[in-house]
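File shown here: model-v8.pdb, holding PDB, N, CA and C atoms.
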ATOM      1  N   MET A1371      12.220   1.504   0.949
ATOM      2  CA  MET A1371      10.812   1.245   1.058
ATOM      3  C   MET A1371      10.125   2.507   1.591
ATOM      4  N   LYS A1372       9.070   2.904   0.920
ATOM      5  CA  LYS A1372       8.357   4.110   1.314
ATOM      6  C   LYS A1372       7.394   3.813   2.456
ATOM      7  N   LYS A1373       6.955   4.878   3.081
ATOM      8  CA  LYS A1373       6.036   4.750   4.212
ATOM      9  C   LYS A1373       4.728   4.090   3.772
ATOM     10  N   LYS A1374       4.253   4.424   2.573
ATOM     11  CA  LYS A1374       3.027   3.825   2.062
ATOM     12  C   LYS A1374       3.161   2.306   1.946
ATOM     13  N   ASP A1375       4.327   1.837   1.489
ATOM     14  CA  ASP A1375       4.547   0.410   1.329
ATOM     15  C   ASP A1375       4.563  -0.300   2.678
ATOM     16  N   VAL A1376       5.168   0.317   3.670
ATOM     17  CA  VAL A1376       5.222  -0.281   5.005
ATOM     18  C   VAL A1376       3.811  -0.361   5.588
ATOM     19  N   ILE A1377       3.044   0.703   5.441
ATOM     20  CA  ILE A1377       1.677   0.712   5.952
ATOM     21  C   ILE A1377       0.832  -0.337   5.232
ATOM     22  N   PHE A1378       1.007  -0.473   3.915
ATOM     23  CA  PHE A1378       0.277  -1.483   3.159
ATOM     24  C   PHE A1378       0.629  -2.883   3.641
ATOM     25  N   THR A1379       1.913  -3.148   3.854
ATOM     26  CA  THR A1379       2.345  -4.475   4.290
ATOM     27  C   THR A1379       1.803  -4.804   5.675
ATOM     28  N   ILE A1380       1.864  -3.847   6.584
ATOM     29  CA  ILE A1380       1.336  -4.081   7.935
ATOM     30  C   ILE A1380      -0.173  -4.297   7.882
ATOM     31  N   GLY A1381      -0.872  -3.486   7.118
ATOM     32  CA  GLY A1381      -2.320  -3.648   6.969
ATOM     33  C   GLY A1381      -2.690  -4.984   6.348
ATOM     34  N   LEU A1382      -1.926  -5.392   5.339
ATOM     35  CA  LEU A1382      -2.178  -6.681   4.697
ATOM     36  C   LEU A1382      -1.969  -7.829   5.675
ATOM     37  N   CYS A1383      -0.924  -7.748   6.479
ATOM     38  CA  CYS A1383      -0.657  -8.800   7.467
ATOM     39  C   CYS A1383      -1.760  -8.860   8.526
ATOM     40  N   ILE A1384      -2.223  -7.705   8.971
ATOM     41  CA  ILE A1384      -3.320  -7.689   9.949
ATOM     42  C   ILE A1384      -4.588  -8.273   9.327
ATOM     43  N   PHE A1385      -4.896  -7.873   8.094
ATOM     44  CA  PHE A1385      -6.081  -8.380   7.415
ATOM     45  C   PHE A1385      -6.025  -9.889   7.234
ATOM     46  N   THR A1386      -4.899 -10.396   6.747
ATOM     47  CA  THR A1386      -4.807 -11.843   6.522
ATOM     48  C   THR A1386      -4.771 -12.606   7.839
ATOM     49  N   GLY A1387      -4.235 -12.011   8.891
ATOM     50  CA  GLY A1387      -4.266 -12.658  10.199
ATOM     51  C   GLY A1387      -5.689 -12.809  10.702
ATOM     52  N   ILE A1388      -6.481 -11.759  10.537
ATOM     53  CA  ILE A1388      -7.888 -11.823  10.934
ATOM     54  C   ILE A1388      -8.639 -12.833  10.067
ATOM     55  N   LEU A1389      -8.347 -12.845   8.762
ATOM     56  CA  LEU A1389      -8.966 -13.805   7.855
ATOM     57  C   LEU A1389      -8.603 -15.234   8.237
ATOM     58  N   TRP A1390      -7.346 -15.456   8.598
ATOM     59  CA  TRP A1390      -6.903 -16.791   9.019
ATOM     60  C   TRP A1390      -7.635 -17.229  10.285
ATOM     61  N   MET A1391      -7.719 -16.323  11.267
ATOM     62  CA  MET A1391      -8.413 -16.661  12.520
ATOM     63  C   MET A1391      -9.891 -16.959  12.269
ATOM     64  N   ALA A1392     -10.518 -16.182  11.407
ATOM     65  CA  ALA A1392     -11.927 -16.428  11.098
ATOM     66  C   ALA A1392     -12.095 -17.795  10.437
ATOM     67  N   GLY A1393     -11.199 -18.127   9.534
ATOM     68  CA  GLY A1393     -11.255 -19.443   8.891
ATOM     69  C   GLY A1393     -11.039 -20.568   9.883
ATOM     70  N   GLU A1394     -10.123 -20.376  10.815
ATOM     71  CA  GLU A1394      -9.888 -21.394  11.844
ATOM     72  C   GLU A1394     -11.122 -21.570  12.724
ATOM     73  N   LEU A1395     -11.765 -20.464  13.078
ATOM     74  CA  LEU A1395     -12.993 -20.556  13.876
ATOM     75  C   LEU A1395     -14.096 -21.301  13.127
ATOM     76  N   VAL A1396     -14.261 -20.977  11.855
ATOM     77  CA  VAL A1396     -15.291 -21.643  11.052
ATOM     78  C   VAL A1396     -14.984 -23.127  10.931
ATOM     79  N   MET A1397     -13.732 -23.469  10.656
ATOM     80  CA  MET A1397     -13.365 -24.880  10.527
ATOM     81  C   MET A1397     -13.460 -25.608  11.868
ATOM     82  N   GLY A1398     -13.203 -24.915  12.949
ATOM     83  CA  GLY A1398     -13.233 -25.562  14.251
ATOM     84  C   GLY A1398     -14.619 -25.704  14.834
ATOM     85  N   LEU A1399     -15.488 -24.741  14.552
ATOM     86  CA  LEU A1399     -16.806 -24.756  15.187
ATOM     87  C   LEU A1399     -17.925 -25.310  14.310
ATOM     88  N   TRP A1400     -17.925 -24.989  13.021
ATOM     89  CA  TRP A1400     -19.070 -25.341  12.195
ATOM     90  C   TRP A1400     -18.778 -26.377  11.125
ATOM     91  N   LEU A1401     -17.594 -26.404  10.610
ATOM     92  CA  LEU A1401     -17.276 -27.356   9.544
ATOM     93  C   LEU A1401     -16.427 -28.497  10.078
ATOM     94  N   ALA A1402     -16.801 -29.676   9.683
ATOM     95  CA  ALA A1402     -15.993 -30.840  10.055
ATOM     96  C   ALA A1402     -14.968 -31.063   8.943
ATOM     97  N   VAL A1403     -13.721 -30.753   9.234
ATOM     98  CA  VAL A1403     -12.658 -30.890   8.234
ATOM     99  C   VAL A1403     -11.567 -31.802   8.779
ATOM    100  N   ARG A1404     -10.772 -32.320   7.879
ATOM    101  CA  ARG A1404      -9.630 -33.138   8.282
ATOM    102  C   ARG A1404      -8.585 -32.253   8.952
ATOM    103  N   PRO A1405      -7.749 -32.816   9.789
ATOM    104  CA  PRO A1405      -6.698 -32.010  10.441
ATOM    105  C   PRO A1405      -5.733 -31.346   9.453
ATOM    106  N   LYS A1406      -5.527 -31.973   8.306
ATOM    107  CA  LYS A1406      -4.628 -31.371   7.308
ATOM    108  C   LYS A1406      -5.217 -30.105   6.699
ATOM    109  N   ALA A1407      -6.519 -29.935   6.794
ATOM    110  CA  ALA A1407      -7.156 -28.738   6.225
ATOM    111  C   ALA A1407      -6.661 -27.483   6.926
ATOM    112  N   HIS A1408      -6.373 -27.574   8.216
ATOM    113  CA  HIS A1408      -5.856 -26.413   8.942
ATOM    114  C   HIS A1408      -4.477 -26.024   8.416
ATOM    115  N   LEU A1409      -3.673 -27.025   8.119
ATOM    116  CA  LEU A1409      -2.344 -26.760   7.562
ATOM    117  C   LEU A1409      -2.454 -26.126   6.180
ATOM    118  N   TRP A1410      -3.331 -26.654   5.339
ATOM    119  CA  TRP A1410      -3.493 -26.103   3.996
ATOM    120  C   TRP A1410      -4.079 -24.693   4.049
ATOM    121  N   TRP A1411      -4.937 -24.438   5.011
ATOM    122  CA  TRP A1411      -5.489 -23.093   5.183
ATOM    123  C   TRP A1411      -4.374 -22.108   5.531
ATOM    124  N   LEU A1412      -3.494 -22.513   6.434
ATOM    125  CA  LEU A1412      -2.365 -21.655   6.807
ATOM    126  C   LEU A1412      -1.437 -21.418   5.617
ATOM    127  N   ILE A1413      -1.138 -22.472   4.877
ATOM    128  CA  ILE A1413      -0.267 -22.341   3.696
ATOM    129  C   ILE A1413      -0.923 -21.423   2.663
ATOM    130  N   GLY A1414      -2.227 -21.555   2.479
ATOM    131  CA  GLY A1414      -2.936 -20.706   1.516
ATOM    132  C   GLY A1414      -2.918 -19.234   1.918
ATOM    133  N   ILE A1415      -3.126 -18.968   3.197
ATOM    134  CA  ILE A1415      -3.123 -17.576   3.670
ATOM    135  C   ILE A1415      -1.739 -16.959   3.531
ATOM    136  N   VAL A1416      -0.716 -17.696   3.910
ATOM    137  CA  VAL A1416       0.657 -17.176   3.801
ATOM    138  C   VAL A1416       1.015 -16.940   2.338
ATOM    139  N   THR A1417       0.649 -17.878   1.469
ATOM    140  CA  THR A1417       0.930 -17.719   0.038
ATOM    141  C   THR A1417       0.192 -16.504  -0.522
ATOM    142  N   PHE A1418      -1.079 -16.352  -0.169
ATOM    143  CA  PHE A1418      -1.853 -15.201  -0.618
ATOM    144  C   PHE A1418      -1.196 -13.896  -0.175
ATOM    145  N   THR A1419      -0.765 -13.848   1.085
ATOM    146  CA  THR A1419      -0.128 -12.644   1.617
ATOM    147  C   THR A1419       1.144 -12.307   0.840
ATOM    148  N   LEU A1420       1.964 -13.310   0.604
ATOM    149  CA  LEU A1420       3.214 -13.080  -0.126
ATOM    150  C   LEU A1420       2.960 -12.640  -1.562
ATOM    151  N   VAL A1421       2.011 -13.285  -2.233
ATOM    152  CA  VAL A1421       1.729 -12.941  -3.628
ATOM    153  C   VAL A1421       1.215 -11.505  -3.733
ATOM    154  N   VAL A1422       0.288 -11.123  -2.867
ATOM    155  CA  VAL A1422      -0.255  -9.758  -2.919
ATOM    156  C   VAL A1422       0.831  -8.738  -2.590
ATOM    157  N   ASN A1423       1.680  -9.054  -1.630
ATOM    158  CA  ASN A1423       2.737  -8.124  -1.245
ATOM    159  C   ASN A1423       3.758  -7.948  -2.377
ATOM    160  N   VAL A1424       4.147  -9.027  -3.034
ATOM    161  CA  VAL A1424       5.093  -8.927  -4.149
ATOM    162  C   VAL A1424       4.442  -8.194  -5.314
ATOM    163  N   TRP A1425       3.173  -8.492  -5.593
ATOM    164  CA  TRP A1425       2.460  -7.803  -6.668
ATOM    165  C   TRP A1425       2.395  -6.301  -6.391
ATOM    166  N   HIS A1426       2.123  -5.950  -5.153
ATOM    167  CA  HIS A1426       2.037  -4.523  -4.797
ATOM    168  C   HIS A1426       3.394  -3.838  -4.923
ATOM    169  N   SER A1427       4.460  -4.566  -4.661
ATOM    170  CA  SER A1427       5.785  -3.951  -4.738
ATOM    171  C   SER A1427       6.190  -3.640  -6.181
ATOM    172  N   PHE A1428       5.606  -4.352  -7.148
ATOM    173  CA  PHE A1428       5.949  -4.108  -8.544
ATOM    174  C   PHE A1428       5.121  -3.000  -9.179
ATOM    175  N   ILE A1429       4.077  -2.569  -8.516
ATOM    176  CA  ILE A1429       3.250  -1.476  -9.043
ATOM    177  C   ILE A1429       4.033  -0.175  -8.909
ATOM    178  N   GLU A1430       4.059   0.596  -9.991
ATOM    179  CA  GLU A1430       4.762   1.877  -9.933
ATOM    180  C   GLU A1430       3.902   2.895  -9.207
ATOM    181  N   ASP A1431       4.528   3.637  -8.338
ATOM    182  CA  ASP A1431       3.815   4.631  -7.554
ATOM    183  C   ASP A1431       3.726   5.923  -8.354
ATOM    184  N   GLU A1432       2.529   6.282  -8.729
ATOM    185  CA  GLU A1432       2.305   7.489  -9.528
ATOM    186  C   GLU A1432       2.012   8.707  -8.654
ATOM    187  N   SER A1433       1.955   8.519  -7.338
ATOM    188  CA  SER A1433       1.603   9.645  -6.484
ATOM    189  C   SER A1433       2.704  10.702  -6.436
ATOM    190  N   GLY A1434       3.922  10.339  -6.827
ATOM    191  CA  GLY A1434       5.009  11.301  -6.844
ATOM    192  C   GLY A1434       4.915  12.270  -8.007
ATOM    193  N   ALA A1435       4.148  11.897  -9.023
ATOM    194  CA  ALA A1435       3.979  12.777 -10.181
ATOM    195  C   ALA A1435       3.141  13.986  -9.764
ATOM    196  N   LYS A1436       3.509  15.127 -10.277
ATOM    197  CA  LYS A1436       2.796  16.346  -9.893
ATOM    198  C   LYS A1436       1.484  16.453 -10.660
ATOM    199  N   ASP A1437       0.496  16.943  -9.976
ATOM    200  CA  ASP A1437      -0.770  17.191 -10.650
ATOM    201  C   ASP A1437      -0.719  18.557 -11.322
ATOM    202  N   PRO A1438      -1.578  18.794 -12.297
ATOM    203  CA  PRO A1438      -1.528  20.056 -13.050
ATOM    204  C   PRO A1438      -1.740  21.289 -12.177
ATOM    205  N   TYR A1439      -2.577  21.185 -11.161
ATOM    206  CA  TYR A1439      -2.817  22.340 -10.297
ATOM    207  C   TYR A1439      -1.557  22.720  -9.532
ATOM    208  N   ARG A1440      -0.827  21.710  -9.069
ATOM    209  CA  ARG A1440       0.406  21.984  -8.336
ATOM    210  C   ARG A1440       1.454  22.602  -9.263
ATOM    211  N   GLU A1441       1.542  22.102 -10.488
ATOM    212  CA  GLU A1441       2.491  22.661 -11.450
ATOM    213  C   GLU A1441       2.156  24.121 -11.768
ATOM    214  N   LYS A1442       0.869  24.431 -11.916
ATOM    215  CA  LYS A1442       0.457  25.812 -12.183
ATOM    216  C   LYS A1442       0.828  26.712 -11.019
ATOM    217  N   TYR A1443       0.596  26.232  -9.798
ATOM    218  CA  TYR A1443       0.947  27.004  -8.612
ATOM    219  C   TYR A1443       2.454  27.252  -8.548
ATOM    220  N   ASP A1444       3.246  26.205  -8.822
ATOM    221  CA  ASP A1444       4.704  26.358  -8.793
ATOM    222  C   ASP A1444       5.183  27.365  -9.829
ATOM    223  N   ARG A1445       4.605  27.323 -11.034
ATOM    224  CA  ARG A1445       4.995  28.295 -12.065
ATOM    225  C   ARG A1445       4.656  29.714 -11.635
ATOM    226  N   LYS A1446       3.496  29.867 -11.023
ATOM    227  CA  LYS A1446       3.059  31.186 -10.580
ATOM    228  C   LYS A1446       3.985  31.725  -9.492
ATOM    229  N   VAL A1447       4.306  30.889  -8.521
ATOM    230  CA  VAL A1447       5.175  31.316  -7.428
ATOM    231  C   VAL A1447       6.588  31.585  -7.937
ATOM    232  N   ASN A1448       7.108  30.716  -8.783
ATOM    233  CA  ASN A1448       8.458  30.909  -9.321
ATOM    234  C   ASN A1448       8.533  32.148 -10.191
ATOM    235  N   GLY A1449       7.450  32.459 -10.900
ATOM    236  CA  GLY A1449       7.414  33.676 -11.710
ATOM    237  C   GLY A1449       7.486  34.913 -10.836
ATOM    238  N   ARG A1450       6.797  34.900  -9.706
ATOM    239  CA  ARG A1450       6.855  36.044  -8.785
ATOM    240  C   ARG A1450       8.261  36.210  -8.227
ATOM    241  N   ILE A1451       8.882  35.105  -7.882
ATOM    242  CA  ILE A1451      10.247  35.163  -7.334
ATOM    243  C   ILE A1451      11.199  35.738  -8.372
ATOM    244  N   GLN A1452      11.053  35.311  -9.625
ATOM    245  CA  GLN A1452      11.924  35.819 -10.681
ATOM    246  C   GLN A1452      11.704  37.315 -10.909
ATOM    247  N   ARG A1453      10.452  37.752 -10.857
ATOM    248  CA  ARG A1453      10.169  39.180 -11.058
ATOM    249  C   ARG A1453      10.763  40.004  -9.940
ATOM    250  N   LYS A1454      10.709  39.514  -8.712
ATOM    251  CA  LYS A1454      11.300  40.237  -7.576
ATOM    252  C   LYS A1454      12.821  40.324  -7.736
ATOM    253  N   LYS A1455      13.435  39.256  -8.218
ATOM    254  CA  LYS A1455      14.888  39.272  -8.422
ATOM    255  C   LYS A1455      15.270  40.272  -9.500
ATOM    256  N   ASN A1456      14.449  40.327 -10.554
ATOM    257  CA  ASN A1456      14.734  41.245 -11.656
ATOM    258  C   ASN A1456      14.573  42.695 -11.213
ATOM    259  N   LYS A1457      13.617  42.985 -10.326
ATOM    260  CA  LYS A1457      13.435  44.353  -9.834
ATOM    261  C   LYS A1457      14.627  44.771  -8.982
ATOM    262  N   LYS A1458      15.160  43.869  -8.194
ATOM    263  CA  LYS A1458      16.290  44.195  -7.331
ATOM    264  C   LYS A1458      17.540  44.464  -8.172
ATOM    265  N   LYS A1459      17.691  43.784  -9.279
ATOM    266  CA  LYS A1459      18.867  43.977 -10.129
ATOM    267  C   LYS A1459      18.857  45.347 -10.791
ATOM    268  N   LYS A1460      17.682  45.870 -11.094
ATOM    269  CA  LYS A1460      17.581  47.153 -11.817
ATOM    270  C   LYS A1460      17.824  48.285 -10.918
TER     271      LYS A1460
END
As a first step, turn the structure in this file into structure tokens.
Amino acid sequence: MKKKDVIFTIGLCIFTGILWMAGELVMGLWLAVRPKAHLWWLIGIVTFTLVVNVWHSFIEDESGAKDPYREKYDRKVNGRIQRKKNKKKK
């Protein structure tokens, strides 16, 4: 698991925890709901968290692919290194 994935999972858990608490406050203070609604709210939040986390894990990470500017820089630097090696051989 990459660092980005761990940070995403922790952030998602914090976000859904805050969302759950906000929903509990709304249901407790302003909305008159049945006691089972709190249970269904918890089940919904946990399910949402799991679904988003699994969905995110299946996304391919394209950030490892090199951008064209980096490739150009690498070619330029490697070309200089090769020229220096060729001068030393002569």
**Study point:** Selection: 8 Å around stretch 1413-1419 of chain A, all atoms listed in the file, excl. self and same-chain fewer than 6 positions, as a VMD selection string
**Key:** chain A and resid 1382 to 1383 1386 to 1387 1389 to 1390 1407 1425
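Atom N of A:Lys1446 lies 28.9 Å from atom N of A:Lys1374.
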Review point. Quick one: distance from atom C of A:Leu1420 to atom CA of A:Leu1395 in Å, one decimal?
Key: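 It comes out at 23.6 Å.
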Practice item. Grab the atom C of A:Gly1398 to atom CA of A:Phe1385 distance for me, in Å with one decimal place. Key: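 Between atom C of A:Gly1398 and atom CA of A:Phe1385 the gap is 20.7 Å.
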Check your understanding: Among chain A, which ones does DSSP place in helix (DSSP H, G or I), written as a ChimeraX atom specification?
Key -> /A:1373-1399,1405-1428,1438-1459
For stretch 1446-1451 of chain A, I'd like the enclosing box, axis-aligned and padded by 4 Å on every side, reported as AutoDock Vina command-line options with centre and edge lengths in Å to one decimal.
--center_x 7.1 --center_y 33.0 --center_z -9.5 --size_x 16.1 --size_y 14.3 --size_z 12.4
